[in-house]
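Colleague: Below is a structure I'd like to ask you about.
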Protein chains: 2
Amino acid sequence: MKLTVLGTSASTPSKERNLSSILLNFDGLNYLFDCPEGTQRQLMKAKASYMKIHAIFLSHFHGDHILGLPGLLATMSMHQRDYPLLVFGPKGIKEKVNKALELSLLKVTFEIKSIELKQGKILEEENFFVECFKLNHDVPCYGFVFREKDSLGKFSRETALKLGIPEGPLWGQLQKGKKVKVEKKVFNPKDVLDESKKKTGKKISFVFDTLANNSYVEKVKESDVLFHESTFLEKLTERAKETKHSTAKQAAKIASKAKVKKLVLFHFSPRHKETEKFDIEAREFFGNVTAAKDLEEIEL
Amino acid sequence: MKLTVLGTSASTPSKERNLSSILLNFDGLNYLFDCPEGTQRQLMKAKASYMKIHAIFLSHFHGDHILGLPGLLATMSMHQRDYPLLVFGPKGIKEKVNKALELSLLKVTFEIKSIELKQGKILEEENFFVECFKLNHDVPCYGFVFREKDSLGKFSRETALKLGIPEGPLWGQLQKGKKVKVEKKVFNPKDVLDESKKKTGKKISFVFDTLANNSYVEKVKESDVLFHESTFLEKLTERAKETKHSTAKQAAKIASKAKVKKLVLFHFSPRHKETEKFDIEAREFFGNVTAAKDLEEIEL
């Protein structure tokens, strides 16, 4: 799994920082969290494939989180994408996508499946699922958990074939911990799985624009990586409250309560030129923290 | 006068090149020609003030020429712009601007005067005017001429005051070559202008997406600088014709026919990695040519 911070600015870009979004690469596909202006070019700079984006998750509809959508859809179309794209967003996402297409006079070459966010599981695939939870901003805004599924052990093709279990859906069943039957004979997962290679799936959490509070601590509990917005430094705590944003210190306290392994701060107000200060203010309350830089990569 | 090439790519940005737009700085204000995605950040990188933009001219409504508009308007609003902005574009510009605002949930803090393009003079100010002419693309598309007004000579404050001509509108009349009357006494421009300092105003022409042909040669005649789109190299001449774009060689031939002083090529298809080749192919037909680089500046 690879995480790429495509941008780290809030409200407006700056000379040094693009607006905030994060790309997650997992098992050969890409998942994009927020899509502000400039995202397609940041993807190019990160040498990440925009054609391999399987789903886009939009936390909320403020311009600084979605205005890269029309350009990205246009570029996918120009490159003749012909397989569906999932676009998740708050209530009204279908109309939002249509407005984006109208603005660029765009006839898309592929199906866009617009899906309204609701709390709970919003996407489930073979080897991961995505959950969604409410944040506290001045328009409906959501956070996300990307959860790799646990592996019950390393699957042995050789053993399975030797036992006469044919390649196909039965193999998947066994990997998921289910018994299967082949010609009246029952096989257990442990017959084909090396349980010494069992592992817990990674958990990555994304907290976009929000007033920091306890409402979502449980959701991001024990994440391997928590991306948390960090718009202001402590001296602007009052401004954070007024505009429903977080400070670096508040994000660190959330990380500490949620016992996450690593905290990555992003979404910095352009009025703060040096992001090192975010790092310093947070570190007092949570040790394993970093104030992200544009195009920074995290391998897990 | 300063010209800044904010981007040079066509259709999609690339790692190295933003989409095409050009900023003209004249007499303390900025004039923006086209506004694709990423324009606001290119302005920041160029250290040019987006707050000083007096007018935006949109050649046509393809996404790769206008998708930076919502973000730029949002940023101007966040910085509390409170004076009008002129936005020129083809028929439907008012609706286009409204769609841009809707997409970003934006309440603008300033008046936007949307003005439909028509051939001829579209803007006239004290010291320049802008003319507009039709190009040949697959949607309505326009080119522009920015023309500094001629100066009839250097105006002498001292002489004017000595002659008893009060500071104010009369001074402007004299500079424009008109006689004025002060208490029954008539003054001629030559009384206060040093005609040895007479000069012809600069002429800058912008040719966006078009099939290159003679229809606009007269319009751009004897420009000091002609910016001409140059989407393809010669080997893709057929593709240029199909998509109603120009090659570098075709742009050079236009420049030669129009007897311009300098030709600047821009709007390069991202399939052509090295822009030097545009320069080489054009130079055979027109000597003073350059294939622009992003953020290149031209002082006149």
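Labels used: A, B, ... for chains in the order of the structure tokens, numbers from 1 for residues in each chain, and numbers from 1 for ligands as shown.
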Within 8 Å of chain B, which residues of chain A are there when counting only C-alpha atoms? Please give them as JSON, numbers by chain.

Modeller: {"A": [11, 12, 13, 14, 15, 18, 37, 38, 40, 41, 42, 44, 45, 61, 62, 63, 64, 66, 67, 68, 70, 71, 74, 75, 96, 99, 100, 103, 104, 105, 106]}

Colleague: Leaving out Met51 (chain A) and any residue of its chain fewer than 2 positions from it, which residues lie within 10 Å of it when counting only C-alpha atoms, given as a list in words?

Modeller: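 In the requested form, the answer reads Leu29, Asn30, Ala48, Ser49, Ile53, His54, Leu72, Leu73, Thr75, Met76, Ser77, His79, Gln80, Arg81, Asp82, Tyr83 and Leu85 of chain A.
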
Colleague: Between B:Gly143, B:Gly164, B:Pro270, B:Gly28, which is the closest to Ala10 (chain B) once you count only C-alpha atoms?

Modeller: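 Smallest distance to Ala10 (chain B) is found for B:Pro270.
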
Colleague: Find the spatial neighbours of Leu300 (chain B), counting only C-alpha atoms, within a cut-off of 9 Å - ignore same-chain residues fewer than 4 positions away - and output them as a list in words.

Modeller: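 Non-adjacent residues within range: Met1, Lys2, Leu3, Lys202 and Asp224 of chain B.
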
Colleague: Print the selection's residues with all heavy atoms to a file, as a PDB file, in the first residue's frame.

Modeller:
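For reference, selection.pdb as written:
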ATOM      1  N   MET B   1       5.156  47.529 -20.269  1.00  0.00           N
ATOM      2  CA  MET B   1       4.256  46.397 -20.483  1.00  0.00           C
ATOM      3  C   MET B   1       5.025  45.090 -20.277  1.00  0.00           C
ATOM      4  O   MET B   1       6.149  44.959 -20.745  1.00  0.00           O
ATOM      5  CB  MET B   1       3.699  46.443 -21.908  1.00  0.00           C
ATOM      6  CG  MET B   1       2.627  45.386 -22.148  1.00  0.00           C
ATOM      7  SD  MET B   1       2.044  45.325 -23.868  1.00  0.00           S
ATOM      8  CE  MET B   1       1.344  46.951 -24.094  1.00  0.00           C
ATOM      9  N   LYS B   2       4.385  44.168 -19.531  1.00  0.00           N
ATOM     10  CA  LYS B   2       5.035  42.864 -19.334  1.00  0.00           C
ATOM     11  C   LYS B   2       4.047  41.761 -19.680  1.00  0.00           C
ATOM     12  O   LYS B   2       2.890  41.799 -19.267  1.00  0.00           O
ATOM     13  CB  LYS B   2       5.486  42.719 -17.889  1.00  0.00           C
ATOM     14  CG  LYS B   2       6.270  41.433 -17.650  1.00  0.00           C
ATOM     15  CD  LYS B   2       7.112  41.466 -16.390  1.00  0.00           C
ATOM     16  CE  LYS B   2       6.337  40.901 -15.225  1.00  0.00           C
ATOM     17  NZ  LYS B   2       7.202  40.785 -14.024  1.00  0.00           N
ATOM     18  N   LEU B   3       4.517  40.755 -20.409  1.00  0.00           N
ATOM     19  CA  LEU B   3       3.693  39.603 -20.766  1.00  0.00           C
ATOM     20  C   LEU B   3       4.257  38.379 -20.071  1.00  0.00           C
ATOM     21  O   LEU B   3       5.476  38.148 -20.113  1.00  0.00           O
ATOM     22  CB  LEU B   3       3.743  39.411 -22.283  1.00  0.00           C
ATOM     23  CG  LEU B   3       3.086  40.551 -23.062  1.00  0.00           C
ATOM     24  CD1 LEU B   3       3.726  40.731 -24.420  1.00  0.00           C
ATOM     25  CD2 LEU B   3       1.592  40.304 -23.187  1.00  0.00           C
ATOM     26  N   LYS B 202       2.078  49.927 -28.454  1.00  0.00           N
ATOM     27  CA  LYS B 202       2.376  48.515 -28.745  1.00  0.00           C
ATOM     28  C   LYS B 202       1.098  47.778 -29.144  1.00  0.00           C
ATOM     29  O   LYS B 202       0.007  48.096 -28.654  1.00  0.00           O
ATOM     30  CB  LYS B 202       2.952  47.834 -27.503  1.00  0.00           C
ATOM     31  CG  LYS B 202       4.225  48.470 -26.975  1.00  0.00           C
ATOM     32  CD  LYS B 202       5.403  48.150 -27.847  1.00  0.00           C
ATOM     33  CE  LYS B 202       6.687  48.775 -27.306  1.00  0.00           C
ATOM     34  NZ  LYS B 202       7.682  48.978 -28.379  1.00  0.00           N
ATOM     35  N   ASP B 224       3.478  43.797 -32.396  1.00  0.00           N
ATOM     36  CA  ASP B 224       4.804  43.725 -31.780  1.00  0.00           C
ATOM     37  C   ASP B 224       5.076  42.302 -31.315  1.00  0.00           C
ATOM     38  O   ASP B 224       6.187  41.801 -31.450  1.00  0.00           O
ATOM     39  CB  ASP B 224       4.883  44.710 -30.606  1.00  0.00           C
ATOM     40  CG  ASP B 224       4.892  46.142 -31.105  1.00  0.00           C
ATOM     41  OD1 ASP B 224       5.977  46.615 -31.450  1.00  0.00           O
ATOM     42  OD2 ASP B 224       3.798  46.753 -31.201  1.00  0.00           O
TER      43      ASP B 224
END

Colleague: If we count only C-alpha atoms, what is near Lys113 (chain B) at a cut-off of 12 Å, once residues fewer than 2 positions away on the same chain are taken out, given as an mmCIF file with N, CA, C and O atoms, in the first residue's frame?

Modeller:
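Okay, result.cif is ready:
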data_model
loop_
_atom_site.group_PDB
_atom_site.id
_atom_site.type_symbol
_atom_site.label_atom_id
_atom_site.label_comp_id
_atom_site.auth_asym_id
_atom_site.auth_seq_id
_atom_site.Cartn_x
_atom_site.Cartn_y
_atom_site.Cartn_z
ATOM 1 N N HIS B 54 -7.930 43.153 -13.917
ATOM 2 C CA HIS B 54 -9.039 44.043 -14.234
ATOM 3 C C HIS B 54 -10.037 43.338 -15.144
ATOM 4 O O HIS B 54 -11.245 43.518 -15.017
ATOM 5 N N ALA B 55 -9.528 42.509 -16.073
ATOM 6 C CA ALA B 55 -10.411 41.817 -17.014
ATOM 7 C C ALA B 55 -9.837 40.458 -17.378
ATOM 8 O O ALA B 55 -8.629 40.279 -17.431
ATOM 9 N N ILE B 56 -10.768 39.502 -17.576
ATOM 10 C CA ILE B 56 -10.395 38.170 -18.062
ATOM 11 C C ILE B 56 -11.048 37.985 -19.432
ATOM 12 O O ILE B 56 -12.244 38.261 -19.586
ATOM 13 N N PHE B 57 -10.279 37.531 -20.396
ATOM 14 C CA PHE B 57 -10.793 37.287 -21.754
ATOM 15 C C PHE B 57 -10.745 35.787 -22.008
ATOM 16 O O PHE B 57 -9.664 35.193 -21.966
ATOM 17 N N TYR B 83 -14.091 45.258 -5.846
ATOM 18 C CA TYR B 83 -14.252 46.103 -7.033
ATOM 19 C C TYR B 83 -14.523 45.183 -8.212
ATOM 20 O O TYR B 83 -14.133 44.011 -8.204
ATOM 21 N N PRO B 84 -15.224 45.702 -9.236
ATOM 22 C CA PRO B 84 -15.726 44.837 -10.320
ATOM 23 C C PRO B 84 -14.627 44.128 -11.111
ATOM 24 O O PRO B 84 -13.490 44.605 -11.188
ATOM 25 N N LEU B 85 -15.003 42.997 -11.651
ATOM 26 C CA LEU B 85 -14.135 42.236 -12.561
ATOM 27 C C LEU B 85 -14.894 42.071 -13.873
ATOM 28 O O LEU B 85 -16.066 41.702 -13.872
ATOM 29 N N LEU B 86 -14.223 42.360 -14.981
ATOM 30 C CA LEU B 86 -14.842 42.139 -16.295
ATOM 31 C C LEU B 86 -14.462 40.739 -16.770
ATOM 32 O O LEU B 86 -13.298 40.371 -16.721
ATOM 33 N N VAL B 87 -15.470 39.968 -17.205
ATOM 34 C CA VAL B 87 -15.183 38.655 -17.789
ATOM 35 C C VAL B 87 -15.802 38.594 -19.178
ATOM 36 O O VAL B 87 -17.025 38.601 -19.324
ATOM 37 N N PHE B 88 -14.947 38.573 -20.195
ATOM 38 C CA PHE B 88 -15.393 38.507 -21.589
ATOM 39 C C PHE B 88 -15.359 37.063 -22.060
ATOM 40 O O PHE B 88 -14.405 36.336 -21.776
ATOM 41 N N GLY B 89 -16.398 36.650 -22.789
ATOM 42 C CA GLY B 89 -16.402 35.302 -23.347
ATOM 43 C C GLY B 89 -17.459 35.198 -24.418
ATOM 44 O O GLY B 89 -18.288 36.100 -24.583
ATOM 45 N N ILE B 93 -21.721 33.618 -21.826
ATOM 46 C CA ILE B 93 -20.703 33.831 -20.779
ATOM 47 C C ILE B 93 -21.341 34.011 -19.397
ATOM 48 O O ILE B 93 -20.818 33.533 -18.391
ATOM 49 N N LYS B 94 -22.501 34.676 -19.360
ATOM 50 C CA LYS B 94 -23.153 34.928 -18.068
ATOM 51 C C LYS B 94 -23.513 33.595 -17.400
ATOM 52 O O LYS B 94 -23.226 33.385 -16.223
ATOM 53 N N GLU B 95 -24.104 32.679 -18.174
ATOM 54 C CA GLU B 95 -24.497 31.365 -17.657
ATOM 55 C C GLU B 95 -23.246 30.582 -17.243
ATOM 56 O O GLU B 95 -23.252 29.872 -16.238
ATOM 57 N N VAL B 97 -20.364 31.754 -16.184
ATOM 58 C CA VAL B 97 -19.852 32.289 -14.918
ATOM 59 C C VAL B 97 -20.733 31.806 -13.766
ATOM 60 O O VAL B 97 -20.230 31.383 -12.717
ATOM 61 N N ASN B 98 -22.051 31.804 -13.981
ATOM 62 C CA ASN B 98 -22.955 31.322 -12.926
ATOM 63 C C ASN B 98 -22.714 29.855 -12.596
ATOM 64 O O ASN B 98 -22.704 29.465 -11.431
ATOM 65 N N PHE B 110 -17.665 40.540 -4.949
ATOM 66 C CA PHE B 110 -17.493 41.674 -5.860
ATOM 67 C C PHE B 110 -18.394 41.478 -7.071
ATOM 68 O O PHE B 110 -18.900 40.390 -7.315
ATOM 69 N N GLU B 111 -18.568 42.551 -7.824
ATOM 70 C CA GLU B 111 -19.420 42.463 -9.009
ATOM 71 C C GLU B 111 -18.659 41.829 -10.173
ATOM 72 O O GLU B 111 -17.510 42.190 -10.433
ATOM 73 N N ILE B 115 -19.464 39.864 -20.145
ATOM 74 C CA ILE B 115 -19.692 40.575 -21.411
ATOM 75 C C ILE B 115 -19.478 39.634 -22.588
ATOM 76 O O ILE B 115 -18.418 39.013 -22.706
ATOM 77 N N GLU B 116 -20.501 39.530 -23.444
ATOM 78 C CA GLU B 116 -20.396 38.647 -24.615
ATOM 79 C C GLU B 116 -19.480 39.233 -25.672
ATOM 80 O O GLU B 116 -19.585 40.417 -26.002
#

Colleague: As an exercise, work out the distance from CA of Cys141 (chain A) to CA of Asn214 (chain A) in Å and give it to one decimal place.

Modeller: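 Between CA of Cys141 (chain A) and CA of Asn214 (chain A) the gap works out to 15.7 Å.
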
Colleague: Any idea what's packed within 10 Å of region 272-282 of chain A, counting only C-alpha atoms, ignoring anything in its chain fewer than 4 positions away? Could you give it as number ranges by chain?

Modeller: A: 8-9, 14, 16-17, 230-234, 247-253, 255, 263-266, 268, 286-293

Colleague: Determine which residues of region 45-156 of chain B DSSP labels as strand (DSSP E or B) from the backbone of this structure, then write them out as a ChimeraX atom specification.

Modeller: /B:53-57,85-89,112-116,120-125,128-134,142-148,151,154-155

Colleague: Just the residues within 7 Å of Ile122 (chain A), please, counting only C-alpha atoms, with nothing from its chain fewer than 5 positions along; format it as a VMD selection string.

Modeller: chain A and resid 130 to 132

Colleague: What are the DSSP helix (DSSP H, G or I) residues of region 34-254 of chain B, as number ranges by chain?

Modeller: B: 39-45, 63-66, 69-78, 93-103, 157-162, 169-175, 189-192, 195-197, 214-220, 234-243, 248-254

Colleague: May I have the selected residues written with C-alpha atoms, as an mmCIF file, in the first residue's frame?

Modeller:
data_model
loop_
_atom_site.group_PDB
_atom_site.id
_atom_site.type_symbol
_atom_site.label_atom_id
_atom_site.label_comp_id
_atom_site.auth_asym_id
_atom_site.auth_seq_id
_atom_site.Cartn_x
_atom_site.Cartn_y
_atom_site.Cartn_z
ATOM 1 C CA THR B 39 -4.032 29.412 -13.472
ATOM 2 C CA GLN B 40 -4.269 30.857 -9.948
ATOM 3 C CA ARG B 41 -1.253 28.843 -8.819
ATOM 4 C CA GLN B 42 0.725 29.830 -11.935
ATOM 5 C CA LEU B 43 -0.067 33.476 -11.115
ATOM 6 C CA MET B 44 1.344 32.908 -7.636
ATOM 7 C CA LYS B 45 4.456 31.253 -9.057
ATOM 8 C CA GLY B 63 -12.594 22.952 -20.424
ATOM 9 C CA ASP B 64 -8.858 23.323 -20.954
ATOM 10 C CA HIS B 65 -9.354 27.100 -21.362
ATOM 11 C CA ILE B 66 -11.809 27.961 -18.579
ATOM 12 C CA LEU B 69 -12.223 30.326 -13.394
ATOM 13 C CA PRO B 70 -14.181 29.002 -10.359
ATOM 14 C CA GLY B 71 -11.024 28.647 -8.258
ATOM 15 C CA LEU B 72 -9.696 32.061 -9.224
ATOM 16 C CA LEU B 73 -13.024 33.763 -8.425
ATOM 17 C CA ALA B 74 -13.104 31.898 -5.090
ATOM 18 C CA THR B 75 -9.612 33.050 -4.187
ATOM 19 C CA MET B 76 -10.404 36.658 -5.125
ATOM 20 C CA SER B 77 -13.476 36.437 -2.863
ATOM 21 C CA MET B 78 -11.523 34.925 0.025
ATOM 22 C CA ILE B 93 -20.703 33.831 -20.779
ATOM 23 C CA LYS B 94 -23.153 34.928 -18.068
ATOM 24 C CA GLU B 95 -24.497 31.365 -17.657
ATOM 25 C CA LYS B 96 -20.947 29.981 -17.731
ATOM 26 C CA VAL B 97 -19.852 32.289 -14.918
ATOM 27 C CA ASN B 98 -22.955 31.322 -12.926
ATOM 28 C CA LYS B 99 -22.207 27.611 -13.377
ATOM 29 C CA ALA B 100 -18.643 28.216 -12.194
ATOM 30 C CA LEU B 101 -19.950 29.928 -9.066
ATOM 31 C CA GLU B 102 -22.549 27.222 -8.393
ATOM 32 C CA LEU B 103 -19.959 24.467 -8.683
ATOM 33 C CA ARG B 157 3.085 69.696 -16.569
ATOM 34 C CA GLU B 158 5.227 72.788 -16.078
ATOM 35 C CA THR B 159 4.323 74.299 -19.452
ATOM 36 C CA ALA B 160 0.624 73.563 -18.962
ATOM 37 C CA LEU B 161 0.581 75.232 -15.530
ATOM 38 C CA LYS B 162 2.615 78.183 -16.778
ATOM 39 C CA PRO B 169 -9.697 66.686 -17.795
ATOM 40 C CA LEU B 170 -8.314 69.386 -20.087
ATOM 41 C CA TRP B 171 -4.851 67.844 -19.795
ATOM 42 C CA GLY B 172 -6.251 64.520 -21.013
ATOM 43 C CA GLN B 173 -7.920 66.250 -23.990
ATOM 44 C CA LEU B 174 -4.629 67.837 -25.032
ATOM 45 C CA GLN B 175 -2.810 64.480 -24.742
ATOM 46 C CA PRO B 189 -1.729 70.000 -28.203
ATOM 47 C CA LYS B 190 1.647 71.119 -29.549
ATOM 48 C CA ASP B 191 1.690 73.900 -26.909
ATOM 49 C CA VAL B 192 2.186 71.319 -24.142
ATOM 50 C CA GLU B 195 6.354 65.945 -30.278
ATOM 51 C CA SER B 196 9.880 64.589 -30.587
ATOM 52 C CA LYS B 197 8.762 62.039 -27.934
ATOM 53 C CA ASN B 214 -5.810 33.938 -43.808
ATOM 54 C CA SER B 215 -9.064 35.077 -42.180
ATOM 55 C CA TYR B 216 -7.314 36.791 -39.285
ATOM 56 C CA VAL B 217 -3.990 37.871 -40.835
ATOM 57 C CA GLU B 218 -5.220 41.427 -41.293
ATOM 58 C CA LYS B 219 -6.299 41.625 -37.633
ATOM 59 C CA VAL B 220 -2.894 40.735 -36.232
ATOM 60 C CA GLU B 234 4.382 19.147 -38.932
ATOM 61 C CA LYS B 235 4.123 15.353 -38.903
ATOM 62 C CA LEU B 236 0.651 15.781 -37.374
ATOM 63 C CA THR B 237 -0.601 18.331 -39.937
ATOM 64 C CA GLU B 238 -3.529 16.045 -40.796
ATOM 65 C CA ARG B 239 -4.507 15.803 -37.115
ATOM 66 C CA ALA B 240 -4.296 19.625 -36.834
ATOM 67 C CA LYS B 241 -6.751 19.930 -39.710
ATOM 68 C CA GLU B 242 -9.174 17.364 -38.224
ATOM 69 C CA THR B 243 -9.173 18.956 -34.772
ATOM 70 C CA ALA B 248 4.210 25.491 -35.724
ATOM 71 C CA LYS B 249 4.940 25.913 -39.446
ATOM 72 C CA GLN B 250 1.425 27.221 -40.140
ATOM 73 C CA ALA B 251 1.720 29.714 -37.266
ATOM 74 C CA ALA B 252 5.074 30.893 -38.669
ATOM 75 C CA LYS B 253 3.541 31.439 -42.101
ATOM 76 C CA ILE B 254 0.776 33.559 -40.554
#

Colleague: Excluding Ser223 (chain B) and residues on its chain fewer than 2 positions from it, collect all residues at most 6 Å away from it, counting only C-alpha atoms, and give them as an NGL selection string.

Modeller: :B and (203-204 or 220-221 or 225-226 or 260)
